[in-house]
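The data block below is model.cif; it holds mmCIF, C-alpha atoms and all ligand atoms.
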data_final
#
loop_
_atom_site.group_PDB
_atom_site.id
_atom_site.type_symbol
_atom_site.label_atom_id
_atom_site.label_comp_id
_atom_site.auth_asym_id
_atom_site.auth_seq_id
_atom_site.Cartn_x
_atom_site.Cartn_y
_atom_site.Cartn_z
ATOM 1 C CA MET A 219 9.924 -156.299 -64.576
ATOM 2 C CA THR A 220 8.580 -154.518 -61.523
ATOM 3 C CA SER A 221 7.874 -150.804 -61.705
ATOM 4 C CA THR A 222 10.276 -148.209 -60.298
ATOM 5 C CA ARG A 223 8.846 -145.053 -58.735
ATOM 6 C CA GLY A 224 10.134 -142.029 -60.604
ATOM 7 C CA PRO A 225 9.515 -138.317 -59.965
ATOM 8 C CA LEU A 226 6.161 -136.951 -58.811
ATOM 9 C CA LEU A 227 4.254 -135.763 -61.899
ATOM 10 C CA TYR A 228 1.032 -134.511 -60.369
ATOM 11 C CA GLU A 229 -0.674 -134.320 -56.987
ATOM 12 C CA GLY A 230 -4.464 -134.302 -56.836
ATOM 13 C CA LYS A 231 -6.829 -134.202 -53.868
ATOM 14 C CA ALA A 232 -6.904 -137.972 -53.342
ATOM 15 C CA LYS A 233 -3.982 -139.312 -55.392
ATOM 16 C CA ARG A 234 -0.382 -138.686 -56.390
ATOM 17 C CA ILE A 235 0.885 -139.655 -59.839
ATOM 18 C CA TYR A 236 4.532 -140.665 -60.309
ATOM 19 C CA ALA A 237 6.536 -141.487 -63.403
ATOM 20 C CA SER A 238 7.580 -145.114 -63.741
ATOM 21 C CA ASN A 239 10.433 -146.702 -65.637
ATOM 22 C CA LYS A 240 8.126 -147.131 -68.646
ATOM 23 C CA GLU A 241 7.134 -144.111 -70.715
ATOM 24 C CA VAL A 242 3.611 -145.466 -71.273
ATOM 25 C CA GLU A 243 2.835 -146.204 -67.614
ATOM 26 C CA VAL A 244 2.569 -144.191 -64.399
ATOM 27 C CA LEU A 245 2.200 -145.080 -60.724
ATOM 28 C CA VAL A 246 -0.770 -143.908 -58.699
ATOM 29 C CA GLU A 247 -0.581 -143.543 -54.927
ATOM 30 C CA PHE A 248 -3.989 -143.450 -53.244
ATOM 31 C CA LYS A 249 -3.876 -140.985 -50.335
ATOM 32 C CA ASN A 250 -5.798 -140.999 -47.071
ATOM 33 C CA ASP A 251 -6.899 -137.388 -47.666
ATOM 34 C CA ALA A 252 -10.644 -136.882 -47.810
ATOM 35 C CA THR A 253 -11.969 -133.678 -49.362
ATOM 36 C CA ALA A 254 -15.433 -132.398 -50.193
ATOM 37 C CA PHE A 255 -17.074 -129.225 -51.498
ATOM 38 C CA ASN A 256 -14.122 -128.432 -53.768
ATOM 39 C CA ALA A 257 -11.649 -129.143 -50.926
ATOM 40 C CA GLN A 258 -13.239 -126.644 -48.519
ATOM 41 C CA LYS A 259 -13.757 -129.589 -46.159
ATOM 42 C CA ARG A 260 -10.709 -131.796 -45.494
ATOM 43 C CA ALA A 261 -9.688 -134.691 -43.265
ATOM 44 C CA GLN A 262 -7.213 -137.539 -43.025
ATOM 45 C CA LEU A 263 -8.941 -140.907 -42.905
ATOM 46 C CA GLU A 264 -6.643 -143.758 -41.959
ATOM 47 C CA ASP A 265 -6.850 -146.624 -44.491
ATOM 48 C CA LYS A 266 -8.992 -144.755 -47.070
ATOM 49 C CA GLY A 267 -6.213 -144.885 -49.665
ATOM 50 C CA ARG A 268 -5.811 -148.640 -49.406
ATOM 51 C CA LEU A 269 -9.564 -149.284 -49.488
ATOM 52 C CA ASN A 270 -10.151 -147.109 -52.574
ATOM 53 C CA CYS A 271 -7.149 -148.631 -54.319
ATOM 54 C CA GLN A 272 -8.342 -152.187 -53.656
ATOM 55 C CA ILE A 273 -11.972 -151.466 -54.605
ATOM 56 C CA SER A 274 -10.898 -149.679 -57.804
ATOM 57 C CA ALA A 275 -8.585 -152.549 -58.765
ATOM 58 C CA CYS A 276 -11.386 -155.110 -58.404
ATOM 59 C CA LEU A 277 -13.808 -152.926 -60.397
ATOM 60 C CA PHE A 278 -11.313 -152.141 -63.167
ATOM 61 C CA GLU A 279 -10.628 -155.855 -63.528
ATOM 62 C CA LEU A 280 -14.364 -156.534 -63.643
ATOM 63 C CA LEU A 281 -14.792 -153.948 -66.403
ATOM 64 C CA GLU A 282 -11.821 -155.368 -68.334
ATOM 65 C CA ARG A 283 -13.339 -158.860 -68.165
ATOM 66 C CA GLU A 284 -16.516 -157.359 -69.648
ATOM 67 C CA GLY A 285 -14.506 -155.879 -72.524
ATOM 68 C CA ILE A 286 -14.478 -152.293 -71.246
ATOM 69 C CA PRO A 287 -11.023 -150.716 -71.626
ATOM 70 C CA THR A 288 -9.532 -149.074 -68.517
ATOM 71 C CA HIS A 289 -6.155 -147.573 -67.657
ATOM 72 C CA TYR A 290 -5.491 -150.241 -65.004
ATOM 73 C CA CYS A 291 -2.358 -152.414 -65.337
ATOM 74 C CA GLY A 292 -2.128 -153.987 -61.864
ATOM 75 C CA LEU A 293 -1.514 -153.356 -58.172
ATOM 76 C CA GLU A 294 1.982 -152.394 -57.117
ATOM 77 C CA SER A 295 1.251 -152.606 -53.373
ATOM 78 C CA ASP A 296 -1.780 -152.215 -51.137
ATOM 79 C CA HIS A 297 -2.341 -148.532 -51.966
ATOM 80 C CA TRP A 298 -0.323 -148.159 -55.182
ATOM 81 C CA MET A 299 -1.529 -148.990 -58.692
ATOM 82 C CA VAL A 300 0.196 -149.032 -62.069
ATOM 83 C CA VAL A 301 -1.886 -147.505 -64.860
ATOM 84 C CA GLN A 302 -1.447 -146.560 -68.500
ATOM 85 C CA ARG A 303 -0.419 -142.988 -69.054
ATOM 86 C CA VAL A 304 -3.416 -141.207 -70.592
ATOM 87 C CA GLU A 305 -4.316 -137.748 -71.689
ATOM 88 C CA VAL A 306 -7.245 -137.046 -69.415
ATOM 89 C CA ILE A 307 -10.312 -135.532 -71.082
ATOM 90 C CA PRO A 308 -11.235 -132.525 -68.892
ATOM 91 C CA ILE A 309 -14.816 -133.676 -68.453
ATOM 92 C CA GLU A 310 -16.396 -135.362 -65.438
ATOM 93 C CA VAL A 311 -18.967 -137.839 -66.696
ATOM 94 C CA VAL A 312 -21.747 -138.459 -64.173
ATOM 95 C CA LEU A 313 -24.349 -141.182 -64.611
ATOM 96 C CA ARG A 314 -27.407 -141.094 -62.378
ATOM 97 C CA ASN A 315 -29.690 -144.076 -61.790
ATOM 98 C CA VAL A 316 -31.566 -142.450 -58.895
ATOM 99 C CA ALA A 317 -32.132 -138.733 -58.340
ATOM 100 C CA THR A 318 -30.239 -137.255 -55.414
ATOM 101 C CA GLY A 319 -27.365 -134.823 -54.751
ATOM 102 C CA SER A 320 -26.916 -131.863 -57.066
ATOM 103 C CA LEU A 321 -29.721 -133.004 -59.389
ATOM 104 C CA CYS A 322 -32.238 -132.525 -56.567
ATOM 105 C CA ARG A 323 -30.675 -129.251 -55.452
ATOM 106 C CA GLN A 324 -30.794 -127.809 -58.967
ATOM 107 C CA THR A 325 -34.137 -129.154 -60.234
ATOM 108 C CA PRO A 326 -37.563 -129.935 -58.726
ATOM 109 C CA ILE A 327 -37.038 -133.696 -59.186
ATOM 110 C CA SER A 328 -37.736 -135.505 -55.894
ATOM 111 C CA GLN A 329 -35.060 -137.393 -53.979
ATOM 112 C CA GLY A 330 -35.059 -141.084 -54.820
ATOM 113 C CA THR A 331 -36.820 -140.803 -58.210
ATOM 114 C CA PRO A 332 -35.600 -143.700 -60.406
ATOM 115 C CA LEU A 333 -33.976 -142.498 -63.623
ATOM 116 C CA ASP A 334 -34.390 -145.016 -66.428
ATOM 117 C CA PRO A 335 -32.592 -144.605 -68.737
ATOM 118 C CA ALA A 336 -29.843 -143.267 -66.481
ATOM 119 C CA LEU A 337 -29.280 -139.533 -66.750
ATOM 120 C CA LEU A 338 -25.893 -138.564 -68.173
ATOM 121 C CA ASP A 339 -24.490 -135.203 -67.012
ATOM 122 C CA LEU A 340 -21.187 -133.770 -68.199
ATOM 123 C CA TYR A 341 -19.192 -131.311 -66.076
ATOM 124 C CA TYR A 342 -16.179 -129.229 -67.007
ATOM 125 C CA LYS A 343 -13.293 -130.505 -64.853
ATOM 126 C CA ASP A 344 -11.925 -127.271 -63.434
ATOM 127 C CA ASP A 345 -11.645 -126.748 -59.665
ATOM 128 C CA ASP A 346 -11.248 -122.966 -60.022
ATOM 129 C CA LEU A 347 -14.612 -122.820 -61.794
ATOM 130 C CA GLY A 348 -16.203 -125.352 -59.397
ATOM 131 C CA ASP A 349 -16.646 -128.080 -62.052
ATOM 132 C CA PRO A 350 -19.634 -126.434 -63.809
ATOM 133 C CA LEU A 351 -22.362 -128.424 -65.564
ATOM 134 C CA LEU A 352 -21.846 -128.327 -69.329
ATOM 135 C CA THR A 353 -24.483 -127.829 -71.954
ATOM 136 C CA GLU A 354 -23.930 -129.532 -75.307
ATOM 137 C CA SER A 355 -23.339 -126.119 -76.899
ATOM 138 C CA ARG A 356 -20.718 -125.173 -74.311
ATOM 139 C CA LEU A 357 -19.021 -128.541 -74.744
ATOM 140 C CA PHE A 358 -18.480 -127.781 -78.432
ATOM 141 C CA LEU A 359 -17.897 -124.038 -77.908
ATOM 142 C CA LEU A 360 -14.990 -124.910 -75.600
ATOM 143 C CA ASP A 361 -13.816 -127.461 -78.173
ATOM 144 C CA LEU A 362 -13.468 -130.056 -75.396
ATOM 145 C CA VAL A 363 -14.343 -132.997 -77.652
ATOM 146 C CA SER A 364 -15.451 -133.706 -81.192
ATOM 147 C CA PRO A 365 -19.067 -134.806 -81.775
ATOM 148 C CA GLU A 366 -17.732 -138.348 -82.434
ATOM 149 C CA SER A 367 -15.799 -138.374 -79.131
ATOM 150 C CA ARG A 368 -18.858 -137.038 -77.309
ATOM 151 C CA GLN A 369 -20.842 -140.053 -78.543
ATOM 152 C CA GLU A 370 -18.000 -142.454 -77.752
ATOM 153 C CA ILE A 371 -17.811 -141.075 -74.180
ATOM 154 C CA GLU A 372 -21.526 -141.577 -73.606
ATOM 155 C CA THR A 373 -21.482 -145.089 -75.037
ATOM 156 C CA LEU A 374 -18.534 -146.074 -72.822
ATOM 157 C CA ALA A 375 -20.068 -144.529 -69.683
ATOM 158 C CA ARG A 376 -23.369 -146.323 -70.280
ATOM 159 C CA ARG A 377 -21.541 -149.619 -70.781
ATOM 160 C CA VAL A 378 -19.796 -149.086 -67.429
ATOM 161 C CA ASN A 379 -23.183 -148.455 -65.798
ATOM 162 C CA ALA A 380 -24.625 -151.574 -67.457
ATOM 163 C CA VAL A 381 -21.863 -153.686 -65.871
ATOM 164 C CA LEU A 382 -21.608 -152.011 -62.462
ATOM 165 C CA THR A 383 -25.318 -151.633 -61.647
ATOM 166 C CA PRO A 384 -26.169 -155.384 -61.691
ATOM 167 C CA PHE A 385 -22.791 -156.240 -60.134
ATOM 168 C CA PHE A 386 -23.420 -153.987 -57.121
ATOM 169 C CA SER A 387 -27.033 -155.053 -56.941
ATOM 170 C CA GLY A 388 -25.802 -158.651 -56.501
ATOM 171 C CA LEU A 389 -23.913 -157.374 -53.436
ATOM 172 C CA ASN A 390 -27.060 -155.698 -52.090
ATOM 173 C CA LEU A 391 -25.632 -152.292 -53.005
ATOM 174 C CA GLN A 392 -27.620 -149.833 -55.090
ATOM 175 C CA LEU A 393 -25.459 -147.864 -57.487
ATOM 176 C CA VAL A 394 -27.242 -144.532 -57.177
ATOM 177 C CA ASP A 395 -24.829 -142.462 -59.287
ATOM 178 C CA PHE A 396 -21.151 -142.201 -60.097
ATOM 179 C CA LYS A 397 -18.514 -140.026 -61.705
ATOM 180 C CA LEU A 398 -16.081 -141.269 -64.340
ATOM 181 C CA GLU A 399 -12.994 -139.688 -65.788
ATOM 182 C CA LEU A 400 -11.874 -140.837 -69.203
ATOM 183 C CA GLY A 401 -8.641 -140.486 -71.092
ATOM 184 C CA ARG A 402 -6.894 -141.523 -74.266
ATOM 185 C CA ASN A 403 -3.722 -143.602 -74.294
ATOM 186 C CA ALA A 404 -0.827 -143.175 -76.740
ATOM 187 C CA ALA A 405 -2.724 -145.262 -79.308
ATOM 188 C CA GLY A 406 -5.737 -142.913 -79.050
ATOM 189 C CA GLU A 407 -7.917 -145.524 -77.342
ATOM 190 C CA LEU A 408 -10.604 -144.155 -74.992
ATOM 191 C CA LEU A 409 -10.140 -145.656 -71.490
ATOM 192 C CA VAL A 410 -11.844 -145.427 -68.121
ATOM 193 C CA ALA A 411 -9.265 -143.643 -65.931
ATOM 194 C CA ASP A 412 -9.016 -142.215 -62.399
ATOM 195 C CA GLU A 413 -10.725 -144.457 -59.815
ATOM 196 C CA ILE A 414 -14.067 -146.123 -59.161
ATOM 197 C CA SER A 415 -14.660 -146.173 -55.416
ATOM 198 C CA PRO A 416 -16.978 -144.887 -52.668
ATOM 199 C CA ASP A 417 -15.268 -141.509 -53.230
ATOM 200 C CA THR A 418 -16.720 -141.344 -56.756
ATOM 201 C CA CYS A 419 -19.890 -143.476 -56.503
ATOM 202 C CA ARG A 420 -23.002 -143.210 -54.353
ATOM 203 C CA LEU A 421 -23.758 -146.660 -52.969
ATOM 204 C CA TRP A 422 -26.780 -147.412 -50.797
ATOM 205 C CA ASP A 423 -26.988 -150.558 -48.704
ATOM 206 C CA MET A 424 -30.107 -152.406 -49.871
ATOM 207 C CA ASN A 425 -30.148 -154.220 -46.502
ATOM 208 C CA SER A 426 -31.047 -150.975 -44.740
ATOM 209 C CA ARG A 427 -34.120 -148.779 -45.053
ATOM 210 C CA ASP A 428 -32.719 -145.994 -42.918
ATOM 211 C CA GLU A 429 -31.918 -143.023 -45.177
ATOM 212 C CA LYS A 430 -28.675 -142.215 -43.388
ATOM 213 C CA GLU A 431 -27.537 -145.655 -42.265
ATOM 214 C CA ARG A 432 -27.797 -147.026 -45.828
ATOM 215 C CA ILE A 433 -25.196 -144.550 -47.160
ATOM 216 C CA LEU A 434 -21.885 -146.370 -47.766
ATOM 217 C CA ASP A 435 -19.983 -143.686 -49.694
ATOM 218 C CA LYS A 436 -18.420 -140.246 -49.487
ATOM 219 C CA ASP A 437 -21.766 -138.697 -48.529
ATOM 220 C CA ARG A 438 -21.000 -139.987 -45.000
ATOM 221 C CA PHE A 439 -18.050 -137.579 -45.001
ATOM 222 C CA ARG A 440 -19.891 -134.766 -46.830
ATOM 223 C CA GLN A 441 -22.834 -134.940 -44.404
ATOM 224 C CA ASP A 442 -20.767 -135.576 -41.224
ATOM 225 C CA LEU A 443 -22.479 -138.914 -40.651
ATOM 226 C CA GLY A 444 -19.387 -140.617 -39.188
ATOM 227 C CA GLY A 445 -18.386 -144.216 -39.889
ATOM 228 C CA VAL A 446 -16.772 -143.308 -43.227
ATOM 229 C CA ILE A 447 -14.012 -145.906 -43.096
ATOM 230 C CA GLU A 448 -16.358 -148.571 -41.756
ATOM 231 C CA ALA A 449 -18.648 -147.912 -44.758
ATOM 232 C CA TYR A 450 -15.774 -148.049 -47.268
ATOM 233 C CA GLY A 451 -14.560 -151.227 -45.547
ATOM 234 C CA GLU A 452 -17.991 -152.806 -45.960
ATOM 235 C CA VAL A 453 -18.023 -151.954 -49.676
ATOM 236 C CA CYS A 454 -14.494 -153.361 -50.029
ATOM 237 C CA LYS A 455 -15.436 -156.585 -48.236
ATOM 238 C CA ARG A 456 -18.471 -157.160 -50.480
ATOM 239 C CA VAL A 457 -16.604 -156.286 -53.700
ATOM 240 C CA GLN A 458 -13.618 -158.499 -52.799
ATOM 241 C CA GLY A 459 -15.988 -161.324 -51.870
ATOM 242 C CA ALA A 460 -17.413 -161.300 -55.406
ATOM 243 C CA THR A 461 -14.298 -160.745 -57.522
ATOM 244 C CA PRO A 462 -10.955 -162.513 -57.983
ATOM 245 C CA LYS A 463 -7.927 -161.133 -56.109
ATOM 246 C CA PRO A 464 -6.578 -158.221 -58.193
ATOM 247 C CA ARG A 465 -3.397 -158.996 -60.112
ATOM 248 C CA ASN A 466 -0.035 -157.763 -58.901
ATOM 249 C CA TYR A 467 1.893 -155.698 -61.417
ATOM 250 C CA ARG A 468 4.867 -157.650 -62.798
HETATM 251 P P1 LIG A 501 -23.458 -134.702 -57.499
HETATM 252 O O1 LIG A 501 -23.494 -134.021 -58.848
HETATM 253 O O2 LIG A 501 -24.788 -135.185 -57.064
HETATM 254 O O3 LIG A 501 -22.727 -133.908 -56.473
HETATM 255 O O4 LIG A 501 -22.533 -136.013 -57.707
HETATM 256 C C1 LIG A 501 -22.952 -137.071 -58.544
HETATM 257 C C2 LIG A 501 -21.989 -138.243 -58.401
HETATM 258 O O5 LIG A 501 -20.717 -137.907 -58.971
HETATM 259 C C3 LIG A 501 -21.695 -138.651 -56.958
HETATM 260 O O6 LIG A 501 -21.521 -140.059 -56.941
HETATM 261 C C4 LIG A 501 -20.388 -137.965 -56.627
HETATM 262 O O7 LIG A 501 -19.643 -138.691 -55.681
HETATM 263 C C5 LIG A 501 -19.698 -137.952 -57.991
HETATM 264 N N1 LIG A 501 -18.913 -136.722 -58.193
HETATM 265 C C6 LIG A 501 -19.267 -135.596 -58.844
HETATM 266 N N2 LIG A 501 -18.268 -134.685 -58.847
HETATM 267 C C7 LIG A 501 -17.268 -135.249 -58.164
HETATM 268 C C8 LIG A 501 -15.952 -134.794 -57.814
HETATM 269 O O8 LIG A 501 -15.495 -133.692 -58.167
HETATM 270 N N3 LIG A 501 -15.206 -135.656 -57.074
HETATM 271 C C9 LIG A 501 -15.657 -136.879 -56.694
HETATM 272 N N4 LIG A 501 -14.875 -137.678 -55.947
HETATM 273 N N5 LIG A 501 -16.883 -137.342 -57.026
HETATM 274 C C10 LIG A 501 -17.677 -136.538 -57.748
#
Could you quickly redo this structure as structure tokens?
Amino acid sequence: MTSTRGPLLYEGKAKRIYASNKEVEVLVEFKNDATAFNAQKRAQLEDKGRLNCQISACLFELLEREGIPTHYCGLESDHWMVVQRVEVIPIEVVLRNVATGSLCRQTPISQGTPLDPALLDLYYKDDDLGDPLLTESRLFLLDLVSPESRQEIETLARRVNAVLTPFFSGLNLQLVDFKLELGRNAAGELLVADEISPDTCRLWDMNSRDEKERILDKDRFRQDLGGVIEAYGEVCKRVQGATPKPRNYR
């Protein structure tokens, strides 16, 4: 049975979520909207939705093959995906393999410092509050997760990093850091949700030594470097060249 698009359930900065004809599944439309700095900077980037949808599909399938549960069910069209309906945990999980971005703005750690083991940072997912960094005490004070869930989240995020880092490295892409969103399905299973794309990952081209040229992710948009879609296209080409064609939803 193919999926039927039902009513719009939620519109985010980069995606729209629609009901489907199955209670346990929803449809995700990847938009061409680019936003940064809590949506203070905005643009329309032709083809971004399709590229992020295709890259995410390939990466979700890679994770699934490695035994990591995700919300992904299949592609519905070039910029639409069918996913399991989950209750999203309001935490942004960031894993950092190399110091850059907010870590270097907020601490004296130098740009480019390797972080081994990867640094795990948790942020409270709330645009009005600017997604603040959480301490462990605040995490439990806000009753966002139980101590068991907190451990489960870290274990899952580190498993994702352990799969994605060598995968990207094989494509001559350094996975500098990335953000994950996690949710629980109706059965209570913890799943990787949202998307995994150059919007949510920092990826540096290992073929380039130039500090700006090597950036193949949303930092090109954040820093006004130009060539955003070309960079996303390059990531898509390399990822698709190393993974099977994503399945169509049936
Ligand atoms: P930073 O904390 O350095 O700004 O971001 C760390 C990593 O998480 C980067 O790969 C960045 O793209 C991702 N990230 C953090 N917060 C967000 C967010 O709200 N939206 C998106 N798309 N990515 C985020």
Using all atoms listed in the file, which residues sit within 8 Å of region 440-455 of chain A once same-chain residues fewer than 3 positions away are excluded, as an NGL selection string? :A and (254-255 or 263-266 or 269-270 or 272-273 or 416 or 430 or 433-437 or 458-459)
Could you give me, as a PyMOL selection string, every polymer residue with an atom at most 6 Å away from an atom of ligand LIG 501 (chain A), counting all atoms listed in the file? chain A and resi 312+319-321+395-397+417-420
Who sits within 9 Å of Glu284 (chain A), only C-alpha atoms, same chain under 4 positions skipped, as a PyMOL selection string: chain A and resi 279-280+381
Let me know the residues the PyMOL selection byres (((chain A and resi 304) around 9) and not hetatm) catches in the file above, as a PyMOL selection string. chain A and resi 242-243+289+301-303+305-307+400-404+406+408-409+411
So which one's closest to Tyr236 (chain A), A:Val300, A:Ala460, A:Leu357, A:Val311? Using only C-alpha atoms, please.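 For Tyr236 (chain A), the nearest of the given residues is A:Val300.
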Care to translate the PyMOL selection byres (((chain A and resi 342-346) around 6) and not hetatm) into actual residues of this file, as a PyMOL selection string? chain A and resi 308-310+341+347-350
